[in-house]
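The structure appears below as structure tokens.
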Amino acid sequence: MFFSLKSNKMLFLFILLTSTLLSISSNSWFGCWMGLEINLLSFIPLISNSKNLLSNEASLKYFLIQSIASINFLFMILLKLLFINFFFHNILILMLNLPLLMKMGSTPFHFWFPNIVEGMSWINNFILMTWQKITPMILLSYIFNKNLLIFSLIMNSIIGAIGGLNQTSLRKILAFSSINNLSWMISSLMISENLWLLYFLFYSFLISIMCFIFNNFNMYFINQLFLMNMNPMLKFSFLINFLSLGGLPPFMGFFSKWIIINFLMNNNFKIISFIFIMMSLILLFFYIRISYSSLMFNYLKLKWLKFFFKNNNINFIILITMISITGMIFSNLFFL
């Protein structure tokens with residue numbers, strides 16, 4: 001299991017899920033802010049672990065960053081209520097978007113994201129990379145400055161691709177991958193909320209597979225990937241899922257990116273489409289480098305190395321890999 005079913009953890013997880021629903025269903029900015037605060041205060045106990053200093057450090061950093069963003073968000077809400085002037089209104093929309101970008105770990109406020117990810121478990125990483133992005137992105141879709149979002153999505157795409165090149169930590173690699181995927185999410189959000197939801201579901205499914213595999217085998221760095229050599233099917237599924245996450249056809253991850261590129265080209269965002277495709281190639285480069293480590297590295301099987309894994313887990317990983325492979329069936333159904 002990703003996490004032990006302790007009563008306090010389950011309580012905070014339930015509050016975390018409820019707070020997101022509170023924010024996105026609220027009819028006032030103050031209600032949205034209140035949901036964000038409840039979300040923050042419920043996620044901190046999930047991160048912190050008294051036996052791990054890195055987790056405590058990550059929870060403190062997360063609390064400080066999110067608190068600064070929340071204070072700015074609340075301040076901009078109050079200013080928005082006071083100033084109705086058109087000139088000030090445009091500036092306030094811009095300033096209202098910045099705390100939301102900070103909350104989701106988007107550029108130019110992405111510096112906290114890889115550092116905090118490094119001190120958390122895989123289940124907390126999964127929550128941070130998926131569920132914690134829902135509220136800021138939906139609030140961003142209500143009112144946004146188009147020029148700011150275009151600048152942000154271009155920078156997300158470039159920084160997410162280049163930042164992951166020199167990393168050896170798997171958590172940091174997935175963090176920079178998440179920053180890159182954030183650019184696709186923001187661009188889909190500018191087009192349609194339904195398109196954003198489609199991309200978000202596909203991304204969440206693929207990132208959950210990677211987090212499950214890494215958590216199951218207790219892997220945190222590239223040099224631990226030789227353990228994959230113990231089962232050929234595991235190596236195959238690992239490669240397939242990483243290529244799918246990178247957006248290589250004919251896997252599932254390509255389908256959502258293909259739709260977004262079609263919409264961008266139809267709306268004459270040709271330069272942005274070009275940047276997205278080029279940065280996806282860089283992403284695929286370091287995904288293949290990780291897969292190469294698990295596929296090609298040879299090692300001596302030490303007698304004292306006792307590494308057990310359950311057949312049920314292997315069967316589950318192979319099953320979800322098959323879903324990843326058959327991803328292009330969705331495209332045929334979509335375009336019928």
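Going by the structure tokens order, chains are called A, B, ..., each with residues numbered from 1, while ligands are numbered from 1 in the order shown.
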>> Please list as a ChimeraX atom specification every residue within 12 Å of A:Tyr203, counting only C-alpha atoms and excluding residues in the same chain fewer than 3 positions away.
In response: /A:126,129-131,133,174,177-178,180-182,184-185,196-200,206-210,241-242,244-247,252-257,324
>> Can you pull out every residue from stretch 65-268 of chain A that DSSP, working from the backbone, puts in helix (DSSP H, G or I), and format the result as number ranges by chain?
In response: A: 65-82, 86-104, 112-118, 122-129, 131-142, 146-163, 170-191, 193-216, 222-230, 232-246, 252-266
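Counting only C-alpha atoms and comparing A:Leu283, A:Met190, A:Ile275, A:Ile314, the residue that lies closest to A:Tyr142 is A:Met190.
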> Residues at most 12 Å from A:Met233, counting only C-alpha atoms, excluding those fewer than 6 positions away in the same chain, as a ChimeraX atom specification?
Replying inline: /A:239-240,294-295,311,314-319,321-322
Atoms kept (C-alpha atoms) for selection, written as a compact mmCIF listing (two decimals), in the first residue's frame:
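Listed below is the output, result-v4.txt:
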```txt
# COMPACT_ATOMS: atom_id res chain seq x y z
CA LEU A 239 10.08 1.48 -20.42
CA ILE A 240 6.53 1.59 -21.84
CA SER A 294 17.06 -0.30 -15.84
CA LEU A 295 17.34 -2.17 -19.16
CA ASN A 311 3.33 -11.50 -7.83
CA ILE A 314 3.80 -7.43 -10.80
CA ASN A 315 0.54 -8.53 -12.41
CA PHE A 316 -1.04 -5.18 -11.56
CA ILE A 317 1.90 -3.25 -13.07
CA ILE A 318 1.72 -5.35 -16.26
CA LEU A 319 -2.06 -4.78 -16.47
CA THR A 321 1.08 -1.12 -18.78
CA MET A 322 -1.27 -2.86 -21.23
```
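Proximity of A:Leu46, A:Ile282, A:Ile71, A:Leu64 to A:Leu248, computed with only C-alpha atoms, is greatest for A:Ile282.
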> Could you pull the residues within 10 Å of stretch 21-37 of chain A, counting only C-alpha atoms, minus those fewer than 6 positions along the same chain, as an MDAnalysis selection string?
Replying inline: chainID A and resid 15 43 66:67 70:71 73:74 77:78 80:81 103 132 134:139
>> Which residues are close to A:Pro45, i.e. within 12 Å by only C-alpha atoms, leaving aside same-chain residues fewer than 5 positions away? Reply as a list in words.
In response: Asn8, Lys9, Met10, Leu11, Phe12, Leu13, Ile15, Leu16, Ile38, Asn39, Leu40, Ser50, Ser55, Asn56, Ala58, Ser59, Leu60, Tyr62, Phe63, Met120 and Asn124 of chain A
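Closest approach to A:Trp122 from the set A:Ile150, A:Ile47, A:Cys211, A:Leu201 is made by A:Cys211, with distances taken over only C-alpha atoms.
Taking only C-alpha atoms into account, A:Ile65 lies nearest to A:His110 out of the set A:His110, A:Lys146, A:Lys51, A:His89.
Picture a line from atom CA of A:Ser152 to atom CA of A:Thr107; it runs 5.8 Å.
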